[in-house]
file model_2.txt (compact mmCIF, C-alpha atoms and all ligand atoms)
# COMPACT_ATOMS: atom_id res chain seq x y z
CA MET A 1 0.00 0.00 0.00
CA ALA A 2 1.33 3.45 -0.95
CA ILE A 3 2.32 5.73 1.86
CA GLU A 4 -0.08 8.65 2.19
CA LYS A 5 1.70 11.99 2.65
CA ILE A 6 -0.60 14.18 4.69
CA ILE A 7 -1.04 17.63 6.13
CA LEU A 8 -3.21 17.33 9.21
CA ASP A 9 -5.42 20.29 10.22
CA VAL A 10 -6.49 20.13 13.86
CA ASP A 11 -8.29 22.02 16.61
CA THR A 12 -6.82 19.85 19.38
CA GLY A 13 -9.04 18.61 21.27
CA SER A 14 -8.92 15.10 22.68
CA ASP A 15 -9.93 13.24 19.52
CA ASP A 16 -7.60 15.45 17.46
CA ALA A 17 -4.83 14.34 19.84
CA VAL A 18 -5.56 10.69 19.04
CA ALA A 19 -5.64 11.54 15.34
CA ILE A 20 -2.18 13.14 15.56
CA ILE A 21 -0.84 10.08 17.39
CA CYS A 22 -2.25 7.69 14.74
CA ALA A 23 -0.85 9.78 11.88
CA ALA A 24 2.57 10.05 13.52
CA LEU A 25 2.93 6.39 14.46
CA SER A 26 1.50 4.58 11.43
CA SER A 27 4.03 3.39 8.88
CA LYS A 28 1.36 3.87 6.17
CA ILE A 29 1.30 7.65 6.70
CA GLU A 30 3.97 10.27 6.25
CA LEU A 31 2.90 13.13 8.50
CA HIS A 32 4.38 16.10 6.63
CA SER A 33 3.14 18.93 8.85
CA ILE A 34 0.32 20.01 11.12
CA CYS A 35 -1.84 23.13 10.81
CA THR A 36 -3.86 24.32 13.76
CA VAL A 37 -7.15 26.14 13.67
CA TRP A 38 -9.58 27.68 16.13
CA GLY A 39 -12.41 25.31 17.06
CA ASN A 40 -12.72 23.22 20.19
CA ARG A 41 -10.88 26.07 21.91
CA PRO A 42 -9.23 29.37 20.85
CA LEU A 43 -6.28 29.02 18.47
CA SER A 44 -3.65 29.64 21.17
CA GLN A 45 -4.95 26.67 23.12
CA THR A 46 -5.51 24.31 20.18
CA THR A 47 -1.93 25.11 19.13
CA GLU A 48 -0.53 24.53 22.63
CA ASN A 49 -2.45 21.25 22.91
CA THR A 50 -1.09 20.20 19.52
CA LEU A 51 2.47 21.03 20.53
CA ARG A 52 2.10 19.03 23.74
CA VAL A 53 1.16 15.96 21.70
CA VAL A 54 4.00 16.63 19.25
CA ASP A 55 6.45 16.83 22.18
CA MET A 56 5.09 13.65 23.75
CA LEU A 57 5.72 11.89 20.43
CA GLY A 58 9.17 13.48 20.07
CA ILE A 59 8.48 14.61 16.48
CA GLY A 60 8.94 18.37 16.93
CA GLU A 61 12.09 18.46 14.74
CA SER A 62 10.52 16.75 11.75
CA VAL A 63 6.85 17.73 11.88
CA LYS A 64 6.35 21.48 11.89
CA VAL A 65 3.24 23.06 13.39
CA TYR A 66 1.69 26.06 11.60
CA PRO A 67 -0.89 28.17 13.45
CA GLY A 68 -3.92 28.96 11.34
CA CYS A 69 -7.02 31.09 11.53
CA GLU A 70 -8.23 32.48 14.83
CA THR A 71 -11.87 32.60 13.86
CA SER A 72 -14.24 31.62 11.07
CA MET A 73 -14.19 33.35 7.68
CA VAL A 74 -17.34 35.45 7.96
CA SER A 75 -19.86 33.65 10.16
CA THR A 76 -19.42 35.94 13.16
CA LEU A 77 -20.69 38.87 11.06
CA LEU A 78 -24.22 37.60 11.54
CA GLN A 79 -25.07 38.62 15.08
CA ASN A 80 -26.26 35.95 17.51
CA ARG A 81 -25.22 33.21 15.12
CA ARG A 82 -22.73 31.64 17.48
CA GLY A 83 -22.66 30.67 21.12
CA GLY A 84 -18.88 31.17 21.27
CA TYR A 85 -16.76 28.64 23.04
CA ASP A 86 -19.15 28.60 25.94
CA GLY A 87 -21.81 27.50 23.47
CA GLN A 88 -19.96 24.21 23.33
CA ARG A 89 -20.37 23.66 27.03
CA LYS A 90 -23.69 21.97 27.49
CA SER A 91 -25.79 20.77 30.35
CA VAL A 92 -28.50 18.15 30.58
CA ASN A 93 -31.77 19.18 32.28
CA GLY A 94 -30.15 22.28 33.79
CA GLY A 95 -27.27 20.34 35.37
CA GLU A 96 -23.60 21.32 35.42
CA LYS A 97 -22.25 22.61 32.10
CA VAL A 98 -19.48 20.40 30.73
CA SER A 99 -17.46 20.40 27.54
CA MET A 100 -17.36 17.42 25.20
CA HIS A 101 -13.87 18.51 24.23
CA GLN A 102 -10.61 18.39 26.12
CA GLU A 103 -9.80 21.99 27.03
CA THR A 104 -6.16 21.84 28.07
CA ILE A 105 -4.39 18.54 27.76
CA ASP A 106 -3.30 18.57 31.41
CA GLU A 107 -2.04 15.01 31.26
CA LEU A 108 0.89 16.27 29.16
CA PRO A 109 3.46 18.87 30.28
CA PRO A 110 3.55 22.37 28.72
CA SER A 111 5.14 22.34 25.28
CA HIS A 112 8.76 23.17 24.54
CA THR A 113 8.56 22.99 20.75
CA LYS A 114 7.57 26.31 19.20
CA ALA A 115 4.98 26.78 16.47
CA GLN A 116 6.20 28.21 13.15
CA GLU A 117 6.00 31.94 12.44
CA LYS A 118 4.45 31.25 9.05
CA ARG A 119 0.67 30.90 9.19
CA ALA A 120 -1.16 27.81 7.99
CA VAL A 121 -2.86 29.47 5.00
CA MET A 122 0.52 30.50 3.53
CA HIS A 123 1.93 27.07 4.34
CA TYR A 124 -0.85 25.37 2.37
CA VAL A 125 -0.45 27.61 -0.67
CA GLU A 126 3.35 27.37 -0.82
CA THR A 127 3.62 23.67 -0.03
CA LEU A 128 0.89 22.54 -2.41
CA MET A 129 1.93 24.82 -5.30
CA ASN A 130 5.60 23.82 -4.94
CA GLY A 131 4.75 20.14 -4.59
CA ALA A 132 4.03 17.59 -7.30
CA ASP A 133 0.48 17.06 -8.52
CA GLY A 134 -1.24 14.62 -6.19
CA GLU A 135 1.63 14.63 -3.68
CA PHE A 136 -0.40 15.65 -0.63
CA THR A 137 -3.59 14.49 1.06
CA LEU A 138 -5.22 17.06 3.32
CA VAL A 139 -6.88 15.80 6.50
CA PRO A 140 -8.86 18.59 8.19
CA VAL A 141 -10.53 17.50 11.43
CA GLY A 142 -11.64 20.88 12.74
CA PRO A 143 -13.49 23.84 11.20
CA LEU A 144 -12.44 24.24 7.57
CA THR A 145 -11.36 27.88 7.83
CA ASN A 146 -7.66 27.39 6.94
CA ILE A 147 -8.26 25.36 3.79
CA ALA A 148 -11.11 27.55 2.56
CA MET A 149 -8.95 30.65 3.04
CA ALA A 150 -6.08 28.96 1.16
CA LEU A 151 -8.50 28.07 -1.66
CA ARG A 152 -9.58 31.71 -1.88
CA VAL A 153 -5.93 32.83 -2.05
CA GLU A 154 -4.89 30.16 -4.57
CA PRO A 155 -7.77 28.15 -6.10
CA ARG A 156 -5.32 25.98 -8.07
CA ILE A 157 -4.45 24.07 -4.89
CA ALA A 158 -7.71 22.13 -5.41
CA LYS A 159 -6.13 20.47 -8.44
CA LYS A 160 -2.78 19.93 -6.72
CA VAL A 161 -4.02 17.79 -3.84
CA LYS A 162 -4.46 14.06 -4.12
CA GLN A 163 -7.60 14.19 -1.99
CA ILE A 164 -9.17 15.76 1.08
CA VAL A 165 -10.41 13.47 3.85
CA LEU A 166 -12.36 15.56 6.33
CA MET A 167 -14.15 14.85 9.58
CA GLY A 168 -17.38 16.76 9.74
CA GLY A 169 -21.09 16.87 9.09
CA GLY A 170 -23.78 14.31 9.48
CA CYS A 171 -26.76 13.02 7.56
CA ARG A 172 -28.85 11.61 10.39
CA ARG A 173 -26.61 12.58 13.33
CA THR A 174 -25.78 16.01 14.74
CA ASN A 175 -24.12 17.39 17.87
CA SER A 176 -23.64 21.19 18.09
CA THR A 177 -27.25 21.96 17.20
CA ALA A 178 -30.29 19.92 16.27
CA ALA A 179 -29.22 20.37 12.65
CA ALA A 180 -25.45 20.64 12.60
CA GLU A 181 -22.17 18.95 13.47
CA PHE A 182 -19.51 21.06 15.20
CA ASN A 183 -16.77 21.35 12.53
CA ILE A 184 -19.23 22.40 9.85
CA TRP A 185 -21.36 24.56 12.15
CA GLY A 186 -18.18 26.37 13.25
CA ASP A 187 -17.54 27.72 9.79
CA PRO A 188 -20.35 26.86 7.37
CA GLU A 189 -19.12 29.13 4.57
CA ALA A 190 -15.66 27.56 4.72
CA ALA A 191 -17.18 24.09 4.60
CA GLN A 192 -19.30 24.99 1.56
CA ILE A 193 -16.22 26.35 -0.23
CA VAL A 194 -14.17 23.23 0.51
CA MET A 195 -16.93 20.75 -0.41
CA ASN A 196 -17.30 22.43 -3.79
CA CYS A 197 -13.65 23.08 -4.61
CA GLY A 198 -13.43 20.28 -7.17
CA ALA A 199 -10.94 18.09 -5.29
CA LYS A 200 -11.67 14.44 -4.52
CA ILE A 201 -13.26 14.60 -1.06
CA THR A 202 -14.20 11.95 1.48
CA VAL A 203 -16.45 13.07 4.32
CA VAL A 204 -16.20 11.15 7.60
CA PRO A 205 -19.35 12.35 9.39
CA LEU A 206 -21.03 11.60 12.70
CA ASP A 207 -22.99 8.80 10.98
CA ALA A 208 -19.68 6.94 10.76
CA THR A 209 -17.93 8.10 13.91
CA HIS A 210 -20.85 7.37 16.24
CA ASN A 211 -20.76 3.78 14.99
CA ALA A 212 -17.07 3.40 15.84
CA CYS A 213 -16.98 4.08 19.58
CA ILE A 214 -14.18 2.95 21.88
CA ASN A 215 -15.32 1.63 25.27
CA SER A 216 -13.99 1.62 28.83
CA ASP A 217 -12.82 -2.04 28.62
CA GLU A 218 -10.64 -0.98 25.70
CA VAL A 219 -9.35 1.99 27.71
CA GLU A 220 -8.02 -0.48 30.31
CA GLU A 221 -6.32 -2.47 27.53
CA LEU A 222 -4.81 0.73 26.17
CA TYR A 223 -3.29 1.53 29.58
CA LYS A 224 -1.75 -1.95 29.65
CA LEU A 225 0.22 -1.20 26.47
CA GLY A 226 2.30 1.04 28.71
CA THR A 227 3.80 3.40 26.13
CA PRO A 228 3.47 7.20 26.47
CA ALA A 229 1.38 7.34 23.27
CA ALA A 230 -0.99 4.56 24.36
CA THR A 231 -1.33 6.12 27.81
CA CYS A 232 -2.15 9.47 26.21
CA VAL A 233 -4.78 7.82 23.99
CA ALA A 234 -6.24 6.04 27.02
CA ASP A 235 -6.40 9.33 28.95
CA MET A 236 -8.10 11.09 26.05
CA VAL A 237 -10.67 8.34 25.50
CA LYS A 238 -11.40 8.11 29.22
CA HIS A 239 -12.11 11.85 29.31
CA ARG A 240 -14.37 11.51 26.29
CA ILE A 241 -16.33 8.61 27.73
CA ALA A 242 -17.05 10.63 30.88
CA ALA A 243 -18.33 13.60 28.85
CA TYR A 244 -20.31 11.55 26.34
CA SER A 245 -22.00 9.37 28.91
CA TYR A 246 -23.45 12.54 30.43
CA LEU A 247 -24.11 14.73 27.39
CA GLN A 248 -24.59 12.45 24.45
CA PRO A 249 -24.86 8.82 25.49
CA MET A 250 -23.92 6.33 22.81
CA ALA A 251 -25.63 2.94 22.33
CA ARG A 252 -23.07 1.47 24.74
CA LEU A 253 -23.08 3.92 27.64
CA ASP A 254 -19.41 3.57 28.59
CA SER A 255 -18.11 4.40 25.13
CA ALA A 256 -17.36 7.45 23.00
CA PRO A 257 -16.57 8.31 19.40
CA ILE A 258 -13.00 9.32 18.54
CA HIS A 259 -14.13 11.19 15.44
CA ASP A 260 -10.87 12.60 14.13
CA ALA A 261 -8.91 9.39 14.62
CA LEU A 262 -11.41 7.52 12.44
CA ALA A 263 -10.73 9.95 9.59
CA VAL A 264 -6.97 9.38 9.87
CA CYS A 265 -7.40 5.62 10.22
CA SER A 266 -9.48 5.51 7.02
CA LEU A 267 -6.29 6.41 5.15
CA ILE A 268 -4.50 3.43 6.66
CA ASP A 269 -7.40 1.01 6.14
CA PRO A 270 -10.29 2.37 4.04
CA ALA A 271 -12.47 -0.55 5.22
CA VAL A 272 -12.92 1.10 8.63
CA LEU A 273 -15.54 3.15 6.77
CA LYS A 274 -18.67 1.39 5.53
CA ASP A 275 -21.43 2.35 3.13
CA VAL A 276 -19.36 5.03 1.43
CA ARG A 277 -21.39 6.61 -1.37
CA LEU A 278 -20.74 9.40 -3.87
CA VAL A 279 -23.43 11.98 -3.10
CA ARG A 280 -24.26 15.65 -3.40
CA CYS A 281 -23.48 17.49 -0.16
CA ASP A 282 -24.05 21.17 0.52
CA VAL A 283 -23.92 23.24 3.67
CA ASP A 284 -26.70 25.48 4.98
CA ILE A 285 -25.23 28.98 5.33
CA SER A 286 -28.53 30.72 6.02
CA GLY A 287 -27.73 31.69 9.60
CA GLY A 288 -31.10 30.23 10.52
CA ILE A 289 -32.16 27.24 12.53
CA ALA A 290 -30.42 24.80 10.17
CA ASP A 291 -27.21 26.84 10.01
CA GLY A 292 -24.24 24.56 9.32
CA GLN A 293 -26.35 21.54 8.44
CA THR A 294 -24.87 19.23 5.80
CA ILE A 295 -27.60 18.64 3.26
CA VAL A 296 -26.84 15.18 1.89
CA ASP A 297 -28.60 14.12 -1.30
CA PRO A 298 -28.20 10.38 -1.79
CA ARG A 299 -30.56 10.30 -4.79
CA ALA A 300 -29.26 8.94 -8.09
CA TYR A 301 -30.71 11.96 -9.94
CA THR A 302 -29.23 14.85 -7.98
CA ASP A 303 -29.92 18.37 -9.25
CA LEU A 304 -26.28 19.40 -8.85
CA PRO A 305 -23.17 17.26 -9.53
CA LYS A 306 -22.17 14.76 -6.84
CA ASN A 307 -19.20 16.18 -5.00
CA VAL A 308 -18.17 13.99 -2.04
CA ASP A 309 -17.78 10.38 -0.96
CA PHE A 310 -19.84 10.26 2.23
CA ALA A 311 -19.34 7.50 4.80
CA PHE A 312 -22.73 6.52 6.20
CA ASP A 313 -21.33 3.87 8.54
CA ALA A 314 -18.14 2.45 10.05
CA ASP A 315 -16.72 -0.89 11.15
CA ARG A 316 -16.20 -0.43 14.89
CA ASP A 317 -14.22 -3.60 15.55
CA ARG A 318 -11.94 -2.98 12.61
CA PHE A 319 -11.25 0.59 13.77
CA SER A 320 -10.54 -0.56 17.31
CA ALA A 321 -8.17 -3.30 16.11
CA LEU A 322 -6.38 -0.82 13.86
CA LEU A 323 -5.97 1.67 16.70
CA PHE A 324 -4.38 -1.00 18.88
CA SER A 325 -2.12 -2.24 16.08
CA ILE A 326 -0.86 1.30 15.40
CA LEU A 327 -0.09 1.78 19.09
CA ARG A 328 1.72 -1.57 19.17
CA GLY A 329 3.86 -0.42 16.23
CA GLU A 330 2.38 -3.04 13.92
CA ASN A 331 0.68 -0.82 11.34
O1 LIG B 401 -18.08 16.87 15.85
C1 LIG B 401 -16.86 16.27 16.10
C2 LIG B 401 -15.73 17.24 15.85
O2 LIG B 401 -15.89 18.34 16.72
C3 LIG B 401 -14.37 16.66 16.12
O3 LIG B 401 -13.46 17.09 15.16
C4 LIG B 401 -14.04 17.21 17.49
O4 LIG B 401 -12.66 17.36 17.67
C5 LIG B 401 -14.76 18.52 17.52
O5 LIG B 401 -13.97 19.51 16.97
CA CA B 402 -11.40 18.21 15.87
call {"tool": "encode", "arguments": {"input": "model_2.txt", "output": "structure tokens", "more": "lines below"}}
Ligand code: RIB
Ligand code: CA
result
Amino acid sequence: MAIEKIILDVDTGSDDAVAIICAALSSKIELHSICTVWGNRPLSQTTENTLRVVDMLGIGESVKVYPGCETSMVSTLLQNRRGGYDGQRKSVNGGEKVSMHQETIDELPPSHTKAQEKRAVMHYVETLMNGADGEFTLVPVGPLTNIAMALRVEPRIAKKVKQIVLMGGGCRRTNSTAAAEFNIWGDPEAAQIVMNCGAKITVVPLDATHNACINSDEVEELYKLGTPAATCVADMVKHRIAAYSYLQPMARLDSAPIHDALAVCSLIDPAVLKDVRLVRCDVDISGGIADGQTIVDPRAYTDLPKNVDFAFDADRDRFSALLFSILRGEN
């Protein structure tokens, strides 16, 4: 299998942390660089969290981290459209507000590697335009602000990339609002630009990630692996299970999706995704009640051209086995 050379775009975040670890440790992926973006937390914190993971992995010399956009392209211009970061802290029946996302990765010490001076948007344009056609795969697992901005600066990058594999959206599942998934809701205009840029795109939505949950028995097995990376993954998943069991219980109560890691793992073994279909997908940018919703049209006779491969399901056991094999250094 060919090695996939990727630029990861993260808003780290506990599942982003697991995604970085999978990308860094798998022999099937060459992690070229990491761009950070606002999202789960403000950019300064998503960048610091990213650098902590990079330091834990000891890859700071070879994998550069480029800070990206501090806010969405234009969505904040519509007043009252966003709840801000606090909007992501939710409570059930008026109980304590908790975040589904890791805020600071306290399990890891403060970073010593520094982020690059160059910003992510410039990094994308320069790296992709100077690279060979089809050299890079982009893997955005946060709001799509950086890549949409880069596409506005240099639209030809759409033809330079091999593909874009993004975590975001949902057909029958949502999380941030009744209509929308967080990464798309965070910057709907950016998502609409990326989905229609003409590149080959695979969408790994909540429909897939919610069917690929890791459970607390597996967390115990992860701790037994005993490596810093496996311990970090175990810590992240444990945190997620606690938040999900309260806010968004999955079919198995002591389990949680590791959204962003599933997107990365689909590059190592595409069969972790199931029921992948070429469909028309657009994003609601109305600013109304469906703001940020991914409108998925699975009909054969779509009105507009089909633009993305959309994963409607996932193979949980296969994903779990792959995660363990990566952490054991076997994949
Ligand atoms: O909806 C899931 C996405 O939102 C993930 O990328 C997670 O990290 C959060 O940003
Ligand atoms: Ca993320």
call {"tool": "axis_aligned_box", "arguments": {"input": "model_2.txt", "around": "ligand LIG 401 (chain B)", "padding_each_side": "6 Å", "output": "lines of an AutoDock Vina configuration file"}}
result
center_x = -15.4
center_y = 17.9
center_z = 16.4
size_x = 17.4
size_y = 15.2
size_z = 14.5
call {"tool": "residues_near_ligand", "arguments": {"input": "model_2.txt", "ligand": "ligand CA 402 (chain B)", "cutoff": "9 Å", "atoms": "all atoms listed in the file", "output": "ChimeraX atom specification"}}
result
/A:9-17,19,39-40,101,140-143,167-168,182-183,259-260
call {"tool": "residues_around", "arguments": {"input": "model_2.txt", "residues": "A:Arg252", "least_positions_apart": "2", "cutoff": "10 Å", "atoms": "all atoms listed in the file", "output": "count of residues only"}}
result
10
call {"tool": "closest_atom_pairs", "arguments": {"input": "model_2.txt", "of": "stretch 164-221 of chain A", "to": "stretch 269-279 of chain A", "cutoff": "10 Å", "atoms": "all atoms listed in the file", "output": "JSON lines"}}
result
{"residue": "A:Ile201", "atom": "CA", "partner": "A:Leu278", "partner_atom": "CA", "distance": 9.5}
{"residue": "A:Thr202", "atom": "CA", "partner": "A:Val276", "partner_atom": "CA", "distance": 8.6}
{"residue": "A:Val203", "atom": "CA", "partner": "A:Val276", "partner_atom": "CA", "distance": 9.0}
{"residue": "A:Val204", "atom": "CA", "partner": "A:Leu273", "partner_atom": "CA", "distance": 8.1}
{"residue": "A:Ala208", "atom": "CA", "partner": "A:Leu273", "partner_atom": "CA", "distance": 6.9}
{"residue": "A:Thr209", "atom": "CA", "partner": "A:Leu273", "partner_atom": "CA", "distance": 9.0}
{"residue": "A:Asn211", "atom": "CA", "partner": "A:Leu273", "partner_atom": "CA", "distance": 9.8}
{"residue": "A:Ala212", "atom": "CA", "partner": "A:Val272", "partner_atom": "CA", "distance": 8.6}
call {"tool": "closest_residue", "arguments": {"input": "model_2.txt", "among": "A:Thr227, A:Thr47, A:Asn331, A:Ser62", "to": "A:Pro110", "atoms": "all atoms listed in the file"}}
result
A:Thr47
call {"tool": "atom_distance", "arguments": {"input": "model_2.txt", "atom1": "atom CA of A:Cys35", "atom2": "atom CA of A:Ala2"}}
result
23.1 Å
call {"tool": "residues_around", "arguments": {"input": "model_2.txt", "residues": "A:Thr104", "least_positions_apart": "4", "cutoff": "9 Å", "atoms": "only C-alpha atoms", "output": "compact mmCIF listing (two decimals) with C-alpha atoms, keeping the file's coordinate frame"}}
result
# COMPACT_ATOMS: atom_id res chain seq x y z
CA THR A 12 -6.82 19.85 19.38
CA GLY A 13 -9.04 18.61 21.27
CA ARG A 41 -10.88 26.07 21.91
CA GLN A 45 -4.95 26.67 23.12
CA THR A 46 -5.51 24.31 20.18
CA GLU A 48 -0.53 24.53 22.63
CA ASN A 49 -2.45 21.25 22.91
call {"tool": "closest_residue", "arguments": {"input": "model_2.txt", "among": "A:Met122, A:Val283, A:Val308, A:Ile268", "to": "A:Lys200", "atoms": "all atoms listed in the file"}}
result
A:Val308
call {"tool": "atom_distance", "arguments": {"input": "model_2.txt", "atom1": "atom CA of A:Pro67", "atom2": "atom CA of A:Ala120"}}
result
5.5 Å
call {"tool": "residues_near_point", "arguments": {"input": "model_2.txt", "point": "(-4.4, 12.1, 3.3)", "cutoff": "12 Å", "atoms": "only C-alpha atoms", "output": "PyMOL selection string"}}
result
chain A and resi 2-9+23+28-33+134-141+161-167+200-202+263-270
call {"tool": "atom_distance", "arguments": {"input": "model_2.txt", "atom1": "atom CA of A:Cys69", "atom2": "atom CA of A:Ala150"}}
result
10.6 Å
call {"tool": "closest_residue", "arguments": {"input": "model_2.txt", "among": "A:Leu322, A:Val92, A:Ala115, A:Leu304", "to": "A:Ile34", "atoms": "all atoms listed in the file"}}
result
A:Ala115
call {"tool": "residues_around", "arguments": {"input": "model_2.txt", "residues": "stretch 154-158 of chain A", "least_positions_apart": "4", "cutoff": "8 Å", "atoms": "all atoms listed in the file", "output": "number ranges by chain"}}
result
A: 125, 128-129, 150, 197-199
call {"tool": "residues_around", "arguments": {"input": "model_2.txt", "residues": "A:Ser75", "least_positions_apart": "5", "cutoff": "8 Å", "atoms": "all atoms listed in the file", "output": "list in words"}}
result
Arg81, Asp187, Pro188 and Glu189 of chain A
call {"tool": "closest_residue", "arguments": {"input": "model_2.txt", "among": "A:Leu77, A:Ile289, A:Ala314, A:Leu108", "to": "A:Thr50", "atoms": "only C-alpha atoms"}}
result
A:Leu108
call {"tool": "closest_residue", "arguments": {"input": "model_2.txt", "among": "A:Lys306, A:His210, A:His112, A:Arg299", "to": "ligand LIG 401 (chain B)", "atoms": "only C-alpha atoms and all ligand atoms"}}
result
A:His210
call {"tool": "closest_residue", "arguments": {"input": "model_2.txt", "among": "A:Val65, A:Ala261, A:Ala251, A:Ala234", "to": "ligand LIG 401 (chain B)", "atoms": "all atoms listed in the file"}}
result
A:Ala261
call {"tool": "residues_around", "arguments": {"input": "model_2.txt", "residues": "A:Gly58", "least_positions_apart": "5", "cutoff": "10 Å", "atoms": "all atoms listed in the file", "output": "list of chain:residue names"}}
result
A:Ala24, A:Arg52, A:Val53, A:Val63, A:Thr113
call {"tool": "residues_near_point", "arguments": {"input": "model_2.txt", "point": "(-10.8, -1.1, 26.3)", "cutoff": "10 Å", "atoms": "all atoms listed in the file", "output": "PDB file with C-alpha atoms, in the coordinates of the input"}}
result
ATOM      1  CA  ILE A 214     -14.180   2.950  21.880  1.00  0.00           C
ATOM      2  CA  ASN A 215     -15.320   1.630  25.270  1.00  0.00           C
ATOM      3  CA  SER A 216     -13.990   1.620  28.830  1.00  0.00           C
ATOM      4  CA  ASP A 217     -12.820  -2.040  28.620  1.00  0.00           C
ATOM      5  CA  GLU A 218     -10.640  -0.980  25.700  1.00  0.00           C
ATOM      6  CA  VAL A 219      -9.350   1.990  27.710  1.00  0.00           C
ATOM      7  CA  GLU A 220      -8.020  -0.480  30.310  1.00  0.00           C
ATOM      8  CA  GLU A 221      -6.320  -2.470  27.530  1.00  0.00           C
ATOM      9  CA  LEU A 222      -4.810   0.730  26.170  1.00  0.00           C
ATOM     10  CA  TYR A 223      -3.290   1.530  29.580  1.00  0.00           C
ATOM     11  CA  LYS A 224      -1.750  -1.950  29.650  1.00  0.00           C
ATOM     12  CA  ALA A 234      -6.240   6.040  27.020  1.00  0.00           C
ATOM     13  CA  VAL A 237     -10.670   8.340  25.500  1.00  0.00           C
ATOM     14  CA  LYS A 238     -11.400   8.110  29.220  1.00  0.00           C
ATOM     15  CA  SER A 255     -18.110   4.400  25.130  1.00  0.00           C
ATOM     16  CA  SER A 320     -10.540  -0.560  17.310  1.00  0.00           C
ATOM     17  CA  PHE A 324      -4.380  -1.000  18.880  1.00  0.00           C
TER      18      PHE A 324
END
